[in-house]
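Asker: File name start-v6.txt; file contents compact mmCIF, C-alpha atoms; full text below.
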```
# COMPACT_ATOMS: atom_id res chain seq x y z
CA MET W 1 16.43 6.47 14.77
CA SER W 2 18.63 9.25 16.02
CA LEU W 3 17.49 12.71 16.94
CA SER W 4 21.09 13.55 17.61
CA ASN W 5 24.37 11.85 17.41
CA GLY W 6 26.06 14.01 19.95
CA SER W 7 29.75 14.69 19.72
CA SER W 8 32.29 14.00 17.01
CA MET W 9 35.88 12.98 17.28
CA ALA W 10 36.97 16.27 15.79
CA GLY W 11 36.19 19.42 17.70
CA ASN W 12 33.87 17.66 20.14
CA GLU W 13 30.91 19.22 18.33
CA THR W 14 27.29 18.44 19.13
CA ILE W 15 24.12 18.95 17.11
CA VAL W 16 22.71 21.10 19.94
CA ASP W 17 25.43 23.69 19.23
CA ASN W 18 23.46 24.95 16.23
CA PRO W 19 20.71 27.27 17.56
CA THR W 20 18.91 27.53 14.20
CA ALA W 21 18.70 23.75 13.80
CA THR W 22 17.57 23.14 17.38
CA THR W 23 14.92 25.88 17.18
CA MET W 24 13.54 24.53 13.89
CA GLY W 25 13.63 20.99 15.25
CA ALA W 26 11.75 21.97 18.42
CA LEU W 27 9.07 23.85 16.44
CA ILE W 28 8.57 20.94 14.03
CA LEU W 29 8.30 18.43 16.87
CA SER W 30 5.82 20.65 18.73
CA LEU W 31 3.52 20.86 15.69
CA VAL W 32 3.94 17.14 15.06
CA PHE W 33 2.93 16.31 18.63
CA LEU W 34 -0.15 18.59 18.55
CA LEU W 35 -1.38 16.97 15.32
CA GLY W 36 -0.05 13.44 15.56
CA PHE W 37 -0.76 12.35 19.11
CA PRO W 38 -4.53 13.08 19.20
CA GLY W 39 -4.85 12.07 15.53
CA ASN W 40 -3.40 8.60 16.02
CA PHE W 41 -5.26 8.15 19.31
CA PHE W 42 -8.51 8.92 17.44
CA ILE W 43 -7.67 6.29 14.81
CA VAL W 44 -7.03 3.64 17.48
CA TRP W 45 -10.30 4.57 19.24
CA SER W 46 -12.25 4.54 15.96
CA ILE W 47 -11.12 1.04 15.05
CA LEU W 48 -11.51 -0.47 18.53
CA ALA W 49 -14.81 1.23 19.41
CA ARG W 50 -16.53 1.98 16.09
CA ALA W 51 -15.40 -0.55 13.49
CA ARG W 52 -18.10 -3.15 12.79
CA LYS W 53 -15.46 -5.83 12.29
CA GLN W 54 -11.69 -5.99 12.31
CA THR W 55 -10.57 -6.92 8.80
CA VAL W 56 -6.98 -7.31 7.64
CA THR W 57 -7.00 -3.65 6.57
CA THR W 58 -8.25 -2.36 9.92
CA LEU W 59 -5.78 -4.53 11.86
CA LEU W 60 -2.86 -3.19 9.82
CA ILE W 61 -4.07 0.41 10.17
CA LEU W 62 -4.59 -0.15 13.91
CA ASN W 63 -1.02 -1.38 14.40
CA LEU W 64 0.34 1.46 12.26
CA ALA W 65 -1.56 4.00 14.37
CA ILE W 66 -0.22 2.39 17.57
CA ALA W 67 3.35 2.62 16.24
CA ASP W 68 2.90 6.22 15.09
CA GLY W 69 1.06 7.24 18.27
CA SER W 70 3.78 5.71 20.42
CA LEU W 71 6.39 7.69 18.51
CA MET W 72 4.35 10.87 18.97
CA SER W 73 4.19 10.30 22.73
CA LEU W 74 8.01 10.45 22.87
CA THR W 75 8.32 13.84 21.17
CA PRO W 76 8.00 15.98 24.37
CA PHE W 77 11.28 14.50 25.65
CA PHE W 78 13.09 15.51 22.47
CA ILE W 79 11.48 18.96 22.45
CA VAL W 80 12.90 19.54 25.94
CA TYR W 81 16.27 18.20 24.75
CA LEU W 82 16.41 20.65 21.84
CA VAL W 83 15.09 23.63 23.81
CA LEU W 84 17.48 23.14 26.76
CA LYS W 85 20.31 21.96 24.46
CA LYS W 86 21.05 19.43 27.18
CA TRP W 87 20.00 15.85 27.98
CA VAL W 88 18.40 15.93 31.44
CA PHE W 89 16.64 12.54 31.56
CA GLY W 90 19.52 10.27 32.59
CA ASN W 91 21.34 7.37 30.97
CA ILE W 92 18.55 4.75 31.16
CA MET W 93 16.03 7.05 29.51
CA CYS W 94 18.64 7.90 26.88
CA LYS W 95 18.81 4.24 25.87
CA VAL W 96 15.10 3.49 26.24
CA LEU W 97 13.79 6.53 24.35
CA PHE W 98 16.06 6.06 21.36
CA TYR W 99 15.31 2.33 21.38
CA LEU W 100 11.57 3.07 21.23
CA CYS W 101 12.10 5.62 18.45
CA LEU W 102 13.98 3.09 16.35
CA LEU W 103 11.47 0.35 17.12
CA ASN W 104 8.50 2.43 15.98
CA MET W 105 10.33 3.58 12.86
CA TYR W 106 10.94 -0.04 11.88
CA ALA W 107 7.37 -1.02 12.79
CA SER W 108 5.84 1.75 10.64
CA ILE W 109 7.66 0.85 7.44
CA GLN W 110 7.20 -2.92 7.96
CA LEU W 111 3.44 -2.43 8.44
CA ILE W 112 3.22 -0.27 5.32
CA MET W 113 5.10 -3.04 3.50
CA LEU W 114 2.54 -5.60 4.72
CA MET W 115 -0.28 -3.36 3.40
CA SER W 116 1.37 -3.32 0.00
CA ILE W 117 1.87 -7.10 -0.04
CA TYR W 118 -1.76 -7.61 0.99
CA ARG W 119 -2.89 -5.34 -1.85
CA LEU W 120 -0.66 -7.24 -4.25
CA VAL W 121 -2.15 -10.62 -3.32
CA ALA W 122 -5.70 -9.22 -3.34
CA VAL W 123 -5.34 -7.77 -6.84
CA LEU W 124 -3.23 -10.46 -8.53
CA TRP W 125 -4.34 -13.64 -6.75
CA PRO W 126 -7.74 -12.92 -5.09
CA GLN W 127 -8.65 -16.63 -5.09
CA ARG W 128 -5.67 -17.31 -2.77
CA LEU W 129 -6.33 -14.44 -0.39
CA GLY W 130 -8.26 -16.65 2.01
CA LEU W 131 -5.03 -18.44 2.91
CA PHE W 132 -3.64 -15.22 4.43
CA THR W 133 -6.68 -13.39 5.81
CA GLY W 134 -7.68 -15.58 8.73
CA ARG W 135 -7.69 -13.62 11.97
CA LYS W 136 -5.22 -15.99 13.66
CA THR W 137 -2.87 -15.87 10.68
CA VAL W 138 -2.90 -12.07 10.57
CA LEU W 139 -2.34 -11.76 14.31
CA ARG W 140 0.58 -14.22 14.13
CA VAL W 141 2.19 -12.24 11.29
CA LEU W 142 1.79 -9.01 13.25
CA ALA W 143 3.30 -10.63 16.36
CA VAL W 144 6.30 -11.81 14.33
CA VAL W 145 6.76 -8.31 12.88
CA TRP W 146 6.77 -6.69 16.33
CA VAL W 147 9.24 -9.25 17.68
CA LEU W 148 11.57 -8.73 14.71
CA VAL W 149 11.55 -4.93 15.03
CA MET W 150 12.21 -5.25 18.77
CA VAL W 151 15.31 -7.33 18.01
CA ALA W 152 16.45 -5.05 15.16
CA SER W 153 16.29 -2.02 17.50
CA ILE W 154 18.69 -3.49 20.09
CA PRO W 155 21.71 -1.50 18.77
CA ALA W 156 20.14 1.63 20.24
CA LEU W 157 20.29 0.03 23.71
CA ILE W 158 23.90 -1.03 23.20
CA PHE W 159 25.40 2.08 21.66
CA ARG W 160 23.49 4.92 23.35
CA ARG W 161 24.67 6.60 26.53
CA VAL W 162 24.86 10.05 28.10
CA GLU W 163 28.13 11.83 27.37
CA LYS W 164 29.51 15.21 28.34
CA ALA W 165 30.63 17.50 25.50
CA ARG W 166 31.29 21.25 25.54
CA ASN W 167 29.95 21.70 29.09
CA THR W 168 26.64 20.04 28.28
CA PHE W 169 25.24 16.50 28.32
CA VAL W 170 24.09 14.74 25.18
CA CYS W 171 22.40 11.40 24.54
CA ASP W 172 25.06 10.03 22.27
CA SER W 173 26.52 6.86 20.78
CA PHE W 174 29.88 5.41 21.73
CA HIS W 175 32.72 7.19 19.98
CA ASP W 176 35.51 4.76 20.86
CA SER W 177 35.52 3.83 17.16
CA HIS W 178 33.53 4.60 14.02
CA ASN W 179 32.54 0.96 13.47
CA HIS W 180 29.31 1.34 15.41
CA VAL W 181 28.28 4.34 13.25
CA VAL W 182 28.69 2.26 10.09
CA LEU W 183 26.86 -0.72 11.62
CA GLN W 184 23.99 1.23 13.19
CA TYR W 185 23.10 3.51 10.30
CA THR W 186 23.71 0.98 7.54
CA LEU W 187 21.38 -1.40 9.39
CA GLU W 188 18.76 1.35 9.64
CA LEU W 189 19.05 2.10 5.93
CA VAL W 190 18.83 -1.53 4.82
CA LEU W 191 16.15 -2.80 7.25
CA GLY W 192 14.24 0.46 7.67
CA PHE W 193 14.22 1.71 4.10
CA LEU W 194 15.86 -0.16 1.19
CA ILE W 195 14.41 -3.67 1.68
CA PRO W 196 10.85 -2.75 2.71
CA TYR W 197 10.62 0.16 0.29
CA GLY W 198 11.97 -2.01 -2.52
CA ILE W 199 9.21 -4.55 -1.83
CA ILE W 200 6.63 -1.76 -1.69
CA VAL W 201 7.71 -0.25 -5.02
CA VAL W 202 7.71 -3.64 -6.79
CA SER W 203 4.27 -4.43 -5.31
CA TYR W 204 2.75 -1.18 -6.53
CA ILE W 205 4.26 -1.50 -10.00
CA CYS W 206 2.55 -4.90 -10.29
CA ILE W 207 -0.71 -3.58 -8.80
CA LEU W 208 -0.93 -0.51 -11.03
CA ARG W 209 -0.12 -2.57 -14.14
CA ARG W 210 -2.91 -5.01 -13.26
CA ILE W 211 -5.38 -2.19 -12.53
CA ARG W 212 -4.56 -0.62 -15.89
CA ASN W 213 -5.18 -3.89 -17.73
CA THR W 214 -8.31 -5.06 -15.93
CA LYS W 215 -11.56 -3.75 -14.45
CA PHE W 216 -10.48 -2.89 -10.92
CA GLY W 217 -12.05 0.58 -10.83
CA ARG W 218 -13.54 0.11 -7.39
CA ARG W 219 -10.08 -0.38 -5.93
CA ILE W 220 -8.52 2.77 -7.33
CA ARG W 221 -9.64 4.88 -4.35
CA SER W 222 -8.14 2.37 -1.93
CA GLU W 223 -4.90 2.21 -3.90
CA LYS W 224 -4.64 6.01 -3.96
CA LEU W 225 -4.91 6.21 -0.17
CA ILE W 226 -2.31 3.51 0.48
CA LEU W 227 -0.07 4.95 -2.24
CA ALA W 228 -0.30 8.35 -0.51
CA ILE W 229 0.80 6.72 2.78
CA VAL W 230 3.77 5.10 1.00
CA LEU W 231 4.88 8.30 -0.74
CA THR W 232 4.47 10.34 2.46
CA PHE W 233 6.71 7.95 4.37
CA CYS W 234 9.37 8.17 1.67
CA LEU W 235 9.18 11.97 1.46
CA PHE W 236 9.74 12.54 5.17
CA TRP W 237 12.20 9.71 5.89
CA LEU W 238 14.47 10.08 2.87
CA PRO W 239 16.36 13.16 4.22
CA TYR W 240 17.01 11.30 7.49
CA HIS W 241 18.53 8.30 5.70
CA ILE W 242 20.58 10.56 3.43
CA ILE W 243 22.15 12.21 6.49
CA ASN W 244 22.76 8.74 7.94
CA MET W 245 24.73 7.86 4.82
CA VAL W 246 26.63 11.15 5.05
CA GLN W 247 27.62 10.19 8.59
CA VAL W 248 28.61 6.66 7.52
CA THR W 249 30.77 8.16 4.75
CA TRP W 250 32.30 10.52 7.34
CA ALA W 251 33.11 7.57 9.61
CA LEU W 252 34.82 5.68 6.76
CA CYS W 253 36.58 8.71 5.29
CA PRO W 254 40.28 9.34 6.11
CA GLU W 255 41.24 12.54 7.92
CA GLY W 256 41.21 15.62 5.70
CA GLU W 257 39.05 18.41 4.33
CA VAL W 258 36.38 16.06 2.97
CA LYS W 259 35.92 14.45 6.39
CA GLN W 260 35.62 17.89 8.03
CA MET W 261 33.02 18.96 5.45
CA LEU W 262 30.96 15.78 5.96
CA ASN W 263 31.23 16.26 9.73
CA LYS W 264 29.80 19.77 9.41
CA ILE W 265 26.96 18.63 7.13
CA TRP W 266 25.60 15.91 9.37
CA HIS W 267 26.02 17.92 12.56
CA SER W 268 24.11 20.89 11.13
CA SER W 269 21.39 18.72 9.55
CA ARG W 270 20.76 15.97 12.12
CA ALA W 271 18.23 17.79 14.32
CA VAL W 272 16.14 19.08 11.42
CA THR W 273 16.06 15.89 9.32
CA SER W 274 15.24 13.76 12.37
CA SER W 275 12.41 16.12 13.30
CA ILE W 276 11.09 16.04 9.72
CA ALA W 277 11.04 12.23 9.91
CA PHE W 278 8.59 12.51 12.83
CA ILE W 279 6.14 14.30 10.50
CA SER W 280 5.51 10.97 8.76
CA SER W 281 3.79 9.66 11.88
CA CYS W 282 1.39 12.60 12.12
CA ALA W 283 0.67 12.78 8.37
CA ASN W 284 -1.40 9.58 8.16
CA PRO W 285 -4.34 10.90 10.27
CA VAL W 286 -4.43 13.98 8.01
CA LEU W 287 -4.52 11.75 4.91
CA TYR W 288 -7.32 9.65 6.44
CA PHE W 289 -9.31 12.80 7.26
CA PHE W 290 -9.25 14.08 3.68
CA ALA W 291 -9.94 10.61 2.28
CA GLY W 292 -12.92 10.21 4.61
CA LYS W 293 -14.59 13.59 4.14
CA SER W 294 -17.53 12.02 2.35
CA TYR W 295 -18.24 9.86 5.43
CA ILE W 296 -18.23 12.67 8.01
CA ARG W 297 -21.81 13.96 7.61
CA ARG W 298 -23.31 10.50 7.35
CA GLU W 299 -21.27 8.67 10.00
CA GLY W 300 -20.17 11.37 12.49
CA LEU W 301 -17.37 10.18 14.77
CA SER W 302 -17.54 6.77 13.11
CA PHE W 303 -16.38 8.21 9.79
CA MET W 304 -12.83 6.91 10.26
CA ALA W 305 -13.97 3.35 10.91
CA ARG W 306 -16.26 3.47 7.84
CA LEU W 307 -13.37 4.79 5.77
CA PHE W 308 -11.16 1.83 6.65
CA GLU W 309 -14.01 -0.58 5.98
CA GLY W 310 -14.67 1.17 2.68
CA THR W 311 -11.06 1.06 1.54
CA GLY W 312 -10.49 -2.51 2.67
CA LEU W 313 -10.13 -5.07 -0.09
CA ASP W 314 -11.70 -7.84 1.95
CA SER W 315 -15.23 -7.53 0.56
CA VAL W 316 -14.01 -6.81 -2.95
CA SER W 317 -11.68 -9.79 -2.78
CA ARG W 318 -14.50 -12.05 -1.69
CA LYS W 319 -16.49 -10.90 -4.72
CA SER W 320 -13.50 -11.61 -6.93
CA ARG W 321 -13.12 -15.10 -5.47
CA GLN W 322 -16.88 -15.64 -5.84
CA ASN W 323 -16.79 -14.52 -9.46
CA SER W 324 -13.83 -16.84 -10.10
CA GLN W 325 -15.75 -19.70 -8.50
CA ASN W 326 -18.87 -18.88 -10.55
CA SER W 327 -16.78 -18.89 -13.71
CA ARG W 328 -15.36 -22.30 -12.82
CA ASP W 329 -18.87 -23.58 -12.07
CA LYS W 330 -20.11 -22.33 -15.45
CA ASP W 331 -17.20 -24.07 -17.14
CA LYS W 332 -18.09 -27.29 -15.35
CA ASP W 333 -21.74 -26.93 -16.42
CA THR W 334 -20.66 -26.35 -20.00
CA ASP W 335 -18.46 -29.43 -19.90
CA ALA W 336 -21.31 -31.47 -18.48
CA VAL W 337 -23.69 -30.35 -21.25
CA MET W 338 -21.09 -31.17 -23.88
CA LEU W 339 -20.60 -34.64 -22.40
CA LYS W 340 -24.34 -35.30 -22.44
CA GLN W 341 -24.47 -34.30 -26.04
```
Spell out the structure here as structure tokens.
Answerer:
Amino acid sequence: MSLSNGSSMAGNETIVDNPTATTMGALILSLVFLLGFPGNFFIVWSILARARKQTVTTLLILNLAIADGSLMSLTPFFIVYLVLKKWVFGNIMCKVLFYLCLLNMYASIQLIMLMSIYRLVAVLWPQRLGLFTGRKTVLRVLAVVWVLVMVASIPALIFRRVEKARNTFVCDSFHDSHNHVVLQYTLELVLGFLIPYGIIVVSYICILRRIRNTKFGRRIRSEKLILAIVLTFCLFWLPYHIINMVQVTWALCPEGEVKQMLNKIWHSSRAVTSSIAFISSCANPVLYFFAGKSYIRREGLSFMARLFEGTGLDSVSRKSRQNSQNSRDKDKDTDAVMLKQ
């Protein structure tokens, strides 16, 4: 993830040159921090302290809240960056902060993808769900996801550094060539959006078709909540990835008016679209709050934990597996009676 991409080859421009964009970006990040940091902290506390048991659903939500909360904790650094229009935290922090931003972006979408896959298996093949819902299995999958996103985020450590441009310092990427721009942002688009979101969309098409054709009414509320999380992520991250592709096109484009126009577009839009992307990480607690309103009076501070237990498919899936087993047992009994006859 990139809150700025510093200077360009032409004109030595920086995204902090645009006062309107930096002001809007700082305001958005301030609101995001005030909502998102305590909201995600409350979710983590609710699951760890109030949840009766940690199901697959609660473990996925817990990891998503950790990723989102970690991203929220980084926003004060970027607020200072946009307000001062200068990077004051040094070269190591430049690399580390952008690495952590990218890592948590990848983690969020991969965890949402896992939620969708879990829903898909639970709805289409409930009898096989037990193969994937063991605590050790889930924890191993989560560990693999975190390791993979840590590796995928390494380009931020390689390409980021503090550079001087127009009498100010920016946390920028190397500009010795445009190859790194193409590599970095194409990788972000493919691994952080196209592949996981493609899997998510296919999963939900299958889920919604199955719900429409069978009696899965109890699951509709759960599907609506997860679907809202998916759509929210897309809504807030899509502008960021569009600007990434504008910058990739700029890097590949030959010198001329088109290249200058693309250069102006991504420089003027980078701060705002990157700040909007942060909203995704503070939106989930708001969605959980509205989804859990019916639990508040009855459960108090435990309402969030009850919500996740209520929207989990674990108990429903067990009933589905039990019903399937009962049906098979009835068939066996019928066969036995027919044989006796």
Asker: If we count all atoms listed in the file and set the cut-off at 8 Å, which residues sit around W:Ser281, ignoring sequence neighbours fewer than 6 positions away in its own chain? Please answer as a list in words.
Answerer: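 In the requested format, the answer is Gly36, Asp68, Gly69, Leu71 and Met72 of chain W.
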Asker: Hey, can you pull every residue with an atom no more than 8 Å from (26.5, 10.2, 8.9), using only C-alpha atoms, and send it as a ChimeraX atom specification?
Answerer: /W:181,185,243-251,262-263,266
Asker: Go ahead and compute the interatomic distance for atom CA of W:Gly130 and atom CA of W:Leu114, in Å to one decimal.
Answerer: 15.7 Å
Asker: Taking all atoms of stretch 258-270 of chain W that the file lists, what box with edges along x, y and z, padded by 8 Å per side, do you get, with centre and edge lengths in Å to one decimal, as JSON?
Answerer:
```
{"center_x": 28.6, "center_y": 17.7, "center_z": 7.8, "size_x": 31.6, "size_y": 22.4, "size_z": 25.6}
```
Asker: Using all atoms listed in the file, which protein or nucleic acid residues come within 9 Å of W:Ala283? Drop anything in the same chain fewer than 5 positions from it, and give the result as a ChimeraX atom specification.
Answerer: /W:32,35-36,229,232-233,288
Asker: For the residues selected in the previous step, produce a file with C-alpha atoms as a PDB file, in the frame of the given file.
Answerer:
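And here's selection-v6.pdb as it stands now:
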```pdb
ATOM      1  CA  VAL W  32       3.940  17.140  15.060  1.00  0.00           C
ATOM      2  CA  LEU W  35      -1.380  16.970  15.320  1.00  0.00           C
ATOM      3  CA  GLY W  36      -0.050  13.440  15.560  1.00  0.00           C
ATOM      4  CA  ILE W 229       0.800   6.720   2.780  1.00  0.00           C
ATOM      5  CA  THR W 232       4.470  10.340   2.460  1.00  0.00           C
ATOM      6  CA  PHE W 233       6.710   7.950   4.370  1.00  0.00           C
ATOM      7  CA  TYR W 288      -7.320   9.650   6.440  1.00  0.00           C
TER       8      TYR W 288
END
```
Asker: For W:Cys282, which of W:Tyr99, W:Tyr197, W:Phe89, W:Phe37 is the closest residue, counting all atoms listed in the file?
Answerer: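 Distance minimum relative to W:Cys282 lands on W:Phe37.
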Asker: Which of these residues is nearest to W:Leu148, using only C-alpha atoms: W:Phe193, W:Tyr106, W:Phe278, W:Tyr118?
Answerer: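 Closest to W:Leu148 of all the choices is W:Tyr106.
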Asker: Calculated over all atoms listed in the file, which of the candidates W:Asn91, W:Thr14, W:Thr55, W:Thr75 has the smallest distance to W:Thr137?
Answerer: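 With all atoms listed in the file as the atom set, the closest residue is W:Thr55.
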Asker: Of the candidates W:Trp237, W:Trp87, W:Trp146, W:Phe98, which shows the shortest atom-to-atom distance to W:Glu163, using only C-alpha atoms?
Answerer: W:Trp87
Asker: Work out how far atom CA of W:Ile79 is from atom CA of W:Val16, in Å to one decimal.
Answerer: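 Taking atom CA of W:Val16 and atom CA of W:Ile79, their separation equals 11.7 Å.
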Asker: Have a look at W:Met113, W:Ser269, W:Arg160, W:His241 and name the one nearest to W:Val202; count only C-alpha atoms.
Answerer: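 The closest residue to W:Val202 is W:Met113.
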Asker: What is the distance, in Å and to one decimal place, between atom CA of W:Met115 and atom CA of W:Pro196?
Answerer: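 Those two atoms sit 11.2 Å apart.
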Asker: Of the residues W:Leu157, W:Leu111, W:Val56, W:Leu102, which is the one nearest to W:Ala277, using only C-alpha atoms?
Answerer: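 Among W:Leu157, W:Leu111, W:Val56, W:Leu102, it is W:Leu102 that comes nearest to W:Ala277.
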Asker: Just the residues within 10 Å of W:Ala156, please, counting only C-alpha atoms, with nothing from its chain fewer than 3 positions along; format it as a count of residues only.
Answerer: 20
Asker: With a distance cut-off of 7 Å and all atoms listed in the file, select the neighbouring residues of W:Val272, excluding the residue or stretch itself and same-chain residues fewer than 5 positions from it, and output the selection as a list in words.
Answerer: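 The filter keeps Ala21, Met24 and Gly25 of chain W.
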